[in-house]
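These notes concern the structure reproduced below.
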Amino acid sequence: MRSCATLMSKRRIWPGAVSSRAMLRIEDLHVYYGKAHVLRGISLHVSPGELVAVIGPNGAGKTTLFRTISGLKESHNGTISFQNTPLAKDPAKIVRVGVIHCPEGRHLFSDMTVRENLEMGAFRWDHRDLSGDLERVYTLFPVLKEREHQIARTLSGGEQQMLAIGRALMSRPELLLLDEPTLGLAPIVRKAIADALKQINGHGVTILLAEQNVAFALANAQRVYLLETGQIVKVGTPEELRTDERVQKVYLGRV
Ligand SMILES: Nc1ncnc2c1ncn2[C@@H]1O[C@H](COP(=O)(O)OP(=O)(O)OP(=O)(O)O)[C@@H](O)[C@H]1O
Ligand SMILES: [Mg+2]
């Protein structure tokens, strides 16, 4: 019989990912840009191991929500806790507890190579041997290995998105915040991203995904929040949202 330790070591392919306490809980979150009240009392939670999507149209507040969780948008009212502890309003501390933000628009180090971008992702681990982490990313996205020495800005859009996800994984996330990973990508690349998300999540990384592409979110998430003008207006399983008349009309283009 295989020992529990053996099973755990097999499962912990993305180190740091498995934790019985890992959990994000947001309660009554309000965020403003000047006088504009952009997030209006959001409450949501993500359980350990879940892949949860936040869907909603342009300007609904998805990116603002993610930037607030990761400490980039400083001021807010309401509570955000991670593993039952209030999250510090400090991006560096938030990264250190394992909440890693893969931002909309990728924000790569465009003049650095693929390899250098990946190494930058591991900055929270001082003097660490990165070979195992690099290998895991290259196994997930073999094209990044082929292009290891290519300058990031010369990659295709799909390759850049894979690099952005790979760089986030180098930080060994417990919770991965993934903002619009399929934006502007062709169906075949969306499929590669979907496959990668399944693998990452299958290895125990909890994922919160923001998507305008409702069909992609419903196909890949386990639970979905619908955000409209800064408020959660619906939450449920993909099936519950898929069969909702309004979601069908407004977001899936069915009449
Ligand atoms: N830095 C900023 N200063 C002022 N207003 C902002 C700022 N960033 C976002 N907003 C406003 O906040 C609202 C929510 O924007 P946000 O980018 O969070 O939406 P989103 O759901 O991510 O949209 P998209 O799907 O287009 O990415 C919008 O009305 C936007 O104009
Ligand atoms: Mg956005």
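Letters A, B, ... go to the chains of the structure tokens in the order shown; residues in each chain start at 1; ligands are counted from 1 in the same order.
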So which residues are near ligand 2, meaning at most 8 Å away with only C-alpha atoms and all ligand atoms counted, given back as a VMD selection string? chain A and resid 58 to 59 61 to 64 104 179 to 180 210
Using only C-alpha atoms and all ligand atoms, which protein or nucleic acid residues are at most 10 Å from ligand 1, as an NGL selection string? :A and (31-39 or 54-68 or 73 or 104-105 or 179-180 or 183 or 210-213 or 227-230)
For Lys198 of chain A, work out the shell of residues within 9 Å, counting only C-alpha atoms and skipping chain neighbours fewer than 4 positions away, then give it as a list in words.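 Those residues are Leu51, Ile193, Ala194, Gly202, His203 and Asn220 of chain A.
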Val205 of chain A surroundings by only C-alpha atoms, 6 Å radius, close-in-sequence under 3 positions cut, as a ChimeraX atom specification: /A:17,49,174,200-201
Using DSSP on the backbone coordinates, identify the residues of segment 14-123 of chain A assigned to alpha helix (DSSP H); present them as a list in words. Lys62, Thr63, Thr64, Leu65, Phe66, Arg67, Thr68, Ile69, Pro91, Ala92, Lys93, Ile94, Val95, Arg96, Val114, Arg115, Glu116, Asn117, Leu118, Glu119, Met120 and Gly121 of chain A
Output file for the selection above: N, CA, C and O atoms, as a tab-separated table (two decimals), in the first residue's frame:
chain	number	residue	atom	x	y	z
A	62	LYS	N	-14.52	43.57	-12.73
A	62	LYS	CA	-13.75	42.34	-12.51
A	62	LYS	C	-12.28	42.64	-12.20
A	62	LYS	O	-11.72	42.13	-11.23
A	63	THR	N	-11.68	43.49	-13.03
A	63	THR	CA	-10.27	43.81	-12.81
A	63	THR	C	-10.08	44.58	-11.51
A	63	THR	O	-9.13	44.34	-10.76
A	64	THR	N	-11.01	45.47	-11.24
A	64	THR	CA	-10.93	46.22	-9.97
A	64	THR	C	-10.99	45.25	-8.79
A	64	THR	O	-10.25	45.40	-7.81
A	65	LEU	N	-11.85	44.26	-8.89
A	65	LEU	CA	-11.94	43.25	-7.82
A	65	LEU	C	-10.60	42.54	-7.64
A	65	LEU	O	-10.09	42.41	-6.52
A	66	PHE	N	-9.99	42.12	-8.73
A	66	PHE	CA	-8.73	41.39	-8.63
A	66	PHE	C	-7.60	42.29	-8.12
A	66	PHE	O	-6.76	41.87	-7.33
A	67	ARG	N	-7.60	43.54	-8.60
A	67	ARG	CA	-6.56	44.48	-8.15
A	67	ARG	C	-6.73	44.79	-6.66
A	67	ARG	O	-5.76	45.03	-5.95
A	68	THR	N	-7.95	44.78	-6.21
A	68	THR	CA	-8.18	45.03	-4.78
A	68	THR	C	-7.71	43.83	-3.95
A	68	THR	O	-7.04	43.99	-2.92
A	69	ILE	N	-8.03	42.62	-4.41
A	69	ILE	CA	-7.61	41.43	-3.67
A	69	ILE	C	-6.08	41.41	-3.57
A	69	ILE	O	-5.51	41.13	-2.52
A	91	PRO	N	0.77	44.61	-1.54
A	91	PRO	CA	0.98	43.61	-2.60
A	91	PRO	C	2.10	42.62	-2.27
A	91	PRO	O	1.94	41.42	-2.54
A	92	ALA	N	3.21	43.09	-1.70
A	92	ALA	CA	4.33	42.18	-1.45
A	92	ALA	C	3.95	41.12	-0.41
A	92	ALA	O	4.26	39.93	-0.56
A	93	LYS	N	3.21	41.55	0.62
A	93	LYS	CA	2.80	40.59	1.66
A	93	LYS	C	1.77	39.61	1.09
A	93	LYS	O	1.74	38.43	1.45
A	94	ILE	N	0.93	40.10	0.21
A	94	ILE	CA	-0.12	39.26	-0.38
A	94	ILE	C	0.51	38.17	-1.25
A	94	ILE	O	0.12	37.01	-1.20
A	95	VAL	N	1.54	38.54	-2.01
A	95	VAL	CA	2.28	37.55	-2.81
A	95	VAL	C	2.91	36.52	-1.88
A	95	VAL	O	2.87	35.32	-2.13
A	96	ARG	N	3.45	36.99	-0.76
A	96	ARG	CA	4.15	36.08	0.15
A	96	ARG	C	3.23	35.02	0.74
A	96	ARG	O	3.68	33.92	1.04
A	114	VAL	N	11.93	34.77	-22.46
A	114	VAL	CA	10.94	33.90	-21.81
A	114	VAL	C	11.49	33.40	-20.47
A	114	VAL	O	10.84	33.51	-19.44
A	115	ARG	N	12.70	32.89	-20.51
A	115	ARG	CA	13.32	32.32	-19.31
A	115	ARG	C	13.45	33.38	-18.20
A	115	ARG	O	13.16	33.13	-17.04
A	116	GLU	N	13.88	34.58	-18.60
A	116	GLU	CA	14.06	35.65	-17.60
A	116	GLU	C	12.70	36.05	-16.99
A	116	GLU	O	12.61	36.32	-15.79
A	117	ASN	N	11.66	36.09	-17.82
A	117	ASN	CA	10.33	36.39	-17.29
A	117	ASN	C	9.92	35.34	-16.27
A	117	ASN	O	9.38	35.68	-15.21
A	118	LEU	N	10.19	34.09	-16.59
A	118	LEU	CA	9.82	33.02	-15.65
A	118	LEU	C	10.61	33.15	-14.35
A	118	LEU	O	10.06	33.01	-13.25
A	119	GLU	N	11.88	33.47	-14.48
A	119	GLU	CA	12.70	33.62	-13.27
A	119	GLU	C	12.20	34.79	-12.42
A	119	GLU	O	12.21	34.71	-11.20
A	120	MET	N	11.73	35.85	-13.08
A	120	MET	CA	11.18	36.98	-12.32
A	120	MET	C	9.97	36.55	-11.50
A	120	MET	O	9.71	37.07	-10.42
A	121	GLY	N	9.22	35.61	-12.04
A	121	GLY	CA	8.04	35.12	-11.32
A	121	GLY	C	8.39	34.46	-10.01
A	121	GLY	O	7.55	34.35	-9.11
Taking the DSSP assignment computed from this structure's backbone, write out as a ChimeraX atom specification all residues of segment 105-178 of chain A that belong to strand (DSSP E). /A:175-178
For the selection just defined, write its residues with N, CA, C and O atoms to a file, as a PDB file, in the first residue's frame.
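Written out: again_14.pdb:
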ATOM      1  N   LEU A 175      -3.439  30.503  -4.340  1.00  0.00           N
ATOM      2  CA  LEU A 175      -4.615  31.023  -5.039  1.00  0.00           C
ATOM      3  C   LEU A 175      -4.118  31.826  -6.234  1.00  0.00           C
ATOM      4  O   LEU A 175      -3.352  32.778  -6.074  1.00  0.00           O
ATOM      5  N   LEU A 176      -4.558  31.418  -7.418  1.00  0.00           N
ATOM      6  CA  LEU A 176      -4.159  32.103  -8.651  1.00  0.00           C
ATOM      7  C   LEU A 176      -5.330  32.968  -9.117  1.00  0.00           C
ATOM      8  O   LEU A 176      -6.431  32.458  -9.347  1.00  0.00           O
ATOM      9  N   LEU A 177      -5.071  34.281  -9.240  1.00  0.00           N
ATOM     10  CA  LEU A 177      -6.077  35.206  -9.757  1.00  0.00           C
ATOM     11  C   LEU A 177      -5.763  35.417 -11.229  1.00  0.00           C
ATOM     12  O   LEU A 177      -4.719  35.985 -11.570  1.00  0.00           O
ATOM     13  N   LEU A 178      -6.643  34.975 -12.083  1.00  0.00           N
ATOM     14  CA  LEU A 178      -6.355  34.964 -13.518  1.00  0.00           C
ATOM     15  C   LEU A 178      -7.352  35.874 -14.222  1.00  0.00           C
ATOM     16  O   LEU A 178      -8.526  35.542 -14.353  1.00  0.00           O
TER      17      LEU A 178
END
Nearest-residue call for Val137 of chain A, choices A:Leu208, A:Gln199, A:Gly157, A:Thr113, using only C-alpha atoms: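 When distances to Val137 of chain A are compared using only C-alpha atoms, the smallest one comes from A:Gln199.
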Point out the residue among A:His149, A:Asp133, A:Glu50, A:Leu169 with the least atom-to-atom distance to His101 of chain A, counting only C-alpha atoms.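 For His101 of chain A, the nearest of the candidates is A:Leu169.
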What does the structure give for the distance between atom CA of Pro238 of chain A and atom CA of Leu209 of chain A, in Å to one decimal? 13.4 Å
Skipping near chain neighbours, those fewer than 5 positions away, what residues fall within 12 Å of Gln160 of chain A using only C-alpha atoms, listed as a ChimeraX atom specification? /A:102,104-110,113-114,117-118,141,143-144,147,150-155,165-167,181-185,189,193
Write the selection just made, keeping N, CA, C and O atoms, as a short mmCIF file (atom, residue, chain, number, x, y, z; two decimals), in the first residue's frame?
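Below you can see selection.cif, which holds the result:
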data_model
loop_
_atom_site.label_atom_id
_atom_site.label_comp_id
_atom_site.auth_asym_id
_atom_site.auth_seq_id
_atom_site.Cartn_x
_atom_site.Cartn_y
_atom_site.Cartn_z
N CYS A 102 -2.31 37.09 -12.02
CA CYS A 102 -1.87 37.09 -13.42
C CYS A 102 -2.76 38.13 -14.11
O CYS A 102 -3.94 37.87 -14.37
N GLU A 104 -4.78 41.14 -16.28
CA GLU A 104 -5.32 41.39 -17.62
C GLU A 104 -4.26 42.15 -18.42
O GLU A 104 -3.60 43.06 -17.90
N GLY A 105 -4.05 41.75 -19.66
CA GLY A 105 -3.05 42.44 -20.49
C GLY A 105 -1.64 41.90 -20.28
O GLY A 105 -0.68 42.41 -20.84
N ARG A 106 -1.51 40.90 -19.43
CA ARG A 106 -0.28 40.10 -19.23
C ARG A 106 0.86 40.83 -18.53
O ARG A 106 1.54 40.24 -17.71
N HIS A 107 1.14 42.08 -18.88
CA HIS A 107 2.20 42.85 -18.22
C HIS A 107 3.51 42.07 -18.09
O HIS A 107 4.09 41.96 -17.01
N LEU A 108 3.96 41.53 -19.21
CA LEU A 108 5.25 40.83 -19.21
C LEU A 108 6.40 41.83 -19.16
O LEU A 108 6.19 43.03 -19.42
N PHE A 109 7.57 41.35 -18.85
CA PHE A 109 8.77 42.18 -19.00
C PHE A 109 9.17 42.03 -20.47
O PHE A 109 9.82 41.05 -20.86
N SER A 110 8.72 42.99 -21.28
CA SER A 110 8.69 42.75 -22.72
C SER A 110 10.07 42.66 -23.37
O SER A 110 10.22 42.03 -24.40
N THR A 113 13.82 37.85 -21.95
CA THR A 113 13.51 36.57 -22.60
C THR A 113 12.41 35.84 -21.83
O THR A 113 12.06 36.20 -20.70
N VAL A 114 11.93 34.77 -22.46
CA VAL A 114 10.94 33.90 -21.81
C VAL A 114 11.49 33.40 -20.47
O VAL A 114 10.84 33.51 -19.44
N ASN A 117 11.66 36.09 -17.82
CA ASN A 117 10.33 36.39 -17.29
C ASN A 117 9.92 35.34 -16.27
O ASN A 117 9.38 35.68 -15.21
N LEU A 118 10.19 34.09 -16.59
CA LEU A 118 9.82 33.02 -15.65
C LEU A 118 10.61 33.15 -14.35
O LEU A 118 10.06 33.01 -13.25
N PHE A 141 3.48 24.05 -20.85
CA PHE A 141 3.49 24.82 -22.11
C PHE A 141 4.81 24.55 -22.84
O PHE A 141 5.76 25.34 -22.74
N VAL A 143 5.81 25.01 -25.71
CA VAL A 143 6.27 26.06 -26.62
C VAL A 143 7.18 27.05 -25.89
O VAL A 143 8.08 27.65 -26.50
N LEU A 144 7.00 27.20 -24.59
CA LEU A 144 7.84 28.13 -23.84
C LEU A 144 9.28 27.60 -23.73
O LEU A 144 10.24 28.37 -23.70
N ARG A 147 10.96 28.31 -26.93
CA ARG A 147 11.22 29.76 -27.13
C ARG A 147 11.93 30.37 -25.91
O ARG A 147 11.85 31.58 -25.70
N GLN A 150 13.81 33.54 -26.44
CA GLN A 150 13.18 34.57 -27.28
C GLN A 150 12.70 35.74 -26.41
O GLN A 150 12.27 35.55 -25.28
N ILE A 151 12.81 36.96 -26.97
CA ILE A 151 12.37 38.17 -26.25
C ILE A 151 10.84 38.16 -26.18
O ILE A 151 10.16 37.90 -27.18
N ALA A 152 10.31 38.44 -25.01
CA ALA A 152 8.87 38.26 -24.76
C ALA A 152 7.98 39.04 -25.74
O ALA A 152 6.96 38.53 -26.19
N ARG A 153 8.42 40.26 -26.10
CA ARG A 153 7.52 41.07 -26.94
C ARG A 153 7.38 40.51 -28.35
O ARG A 153 6.49 40.89 -29.08
N THR A 154 8.28 39.58 -28.73
CA THR A 154 8.19 39.01 -30.07
C THR A 154 7.35 37.72 -30.10
O THR A 154 7.17 37.12 -31.14
N LEU A 155 6.83 37.32 -28.96
CA LEU A 155 5.97 36.12 -28.92
C LEU A 155 4.60 36.46 -29.48
O LEU A 155 4.16 37.61 -29.45
N ILE A 165 0.94 33.15 -17.55
CA ILE A 165 0.47 32.12 -16.61
C ILE A 165 1.66 31.37 -16.01
O ILE A 165 1.73 31.14 -14.80
N GLY A 166 2.63 31.04 -16.88
CA GLY A 166 3.83 30.35 -16.41
C GLY A 166 4.57 31.16 -15.36
O GLY A 166 5.00 30.63 -14.33
N ARG A 167 4.69 32.45 -15.61
CA ARG A 167 5.39 33.32 -14.65
C ARG A 167 4.65 33.33 -13.30
O ARG A 167 5.27 33.27 -12.24
N PRO A 181 -7.72 35.53 -19.23
CA PRO A 181 -6.63 34.83 -19.91
C PRO A 181 -6.91 34.52 -21.38
O PRO A 181 -5.98 34.17 -22.10
N THR A 182 -8.16 34.64 -21.84
CA THR A 182 -8.43 34.26 -23.23
C THR A 182 -8.69 35.46 -24.13
O THR A 182 -9.01 35.29 -25.31
N LEU A 183 -8.52 36.66 -23.59
CA LEU A 183 -8.86 37.87 -24.34
C LEU A 183 -8.08 37.94 -25.66
O LEU A 183 -6.85 37.92 -25.67
N GLY A 184 -8.80 38.02 -26.76
CA GLY A 184 -8.18 38.19 -28.08
C GLY A 184 -7.52 36.94 -28.64
O GLY A 184 -6.80 37.02 -29.63
N LEU A 185 -7.76 35.79 -28.02
CA LEU A 185 -7.07 34.59 -28.49
C LEU A 185 -7.98 33.72 -29.37
O LEU A 185 -9.21 33.67 -29.17
N VAL A 189 -6.08 28.34 -29.22
CA VAL A 189 -5.25 28.77 -28.08
C VAL A 189 -6.10 28.77 -26.82
O VAL A 189 -5.64 28.39 -25.74
N ILE A 193 -5.31 26.94 -23.29
CA ILE A 193 -5.37 27.59 -21.97
C ILE A 193 -6.33 26.82 -21.06
O ILE A 193 -6.04 26.58 -19.89
#
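Restricting the calculation to only C-alpha atoms, the smallest distance between Val52 of chain A and any of A:Val214, A:Ile207, A:Val97, A:Leu29 is found for A:Ile207.
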Could you jot down the atom CA of Met23 of chain A to atom CA of Met162 of chain A separation for me, Å, one decimal place? 25.3 Å
Using only C-alpha atoms, the residue out of A:Ala196, A:Asp244, A:Glu148, A:Ala217 with shortest distance to Met112 of chain A is A:Glu148
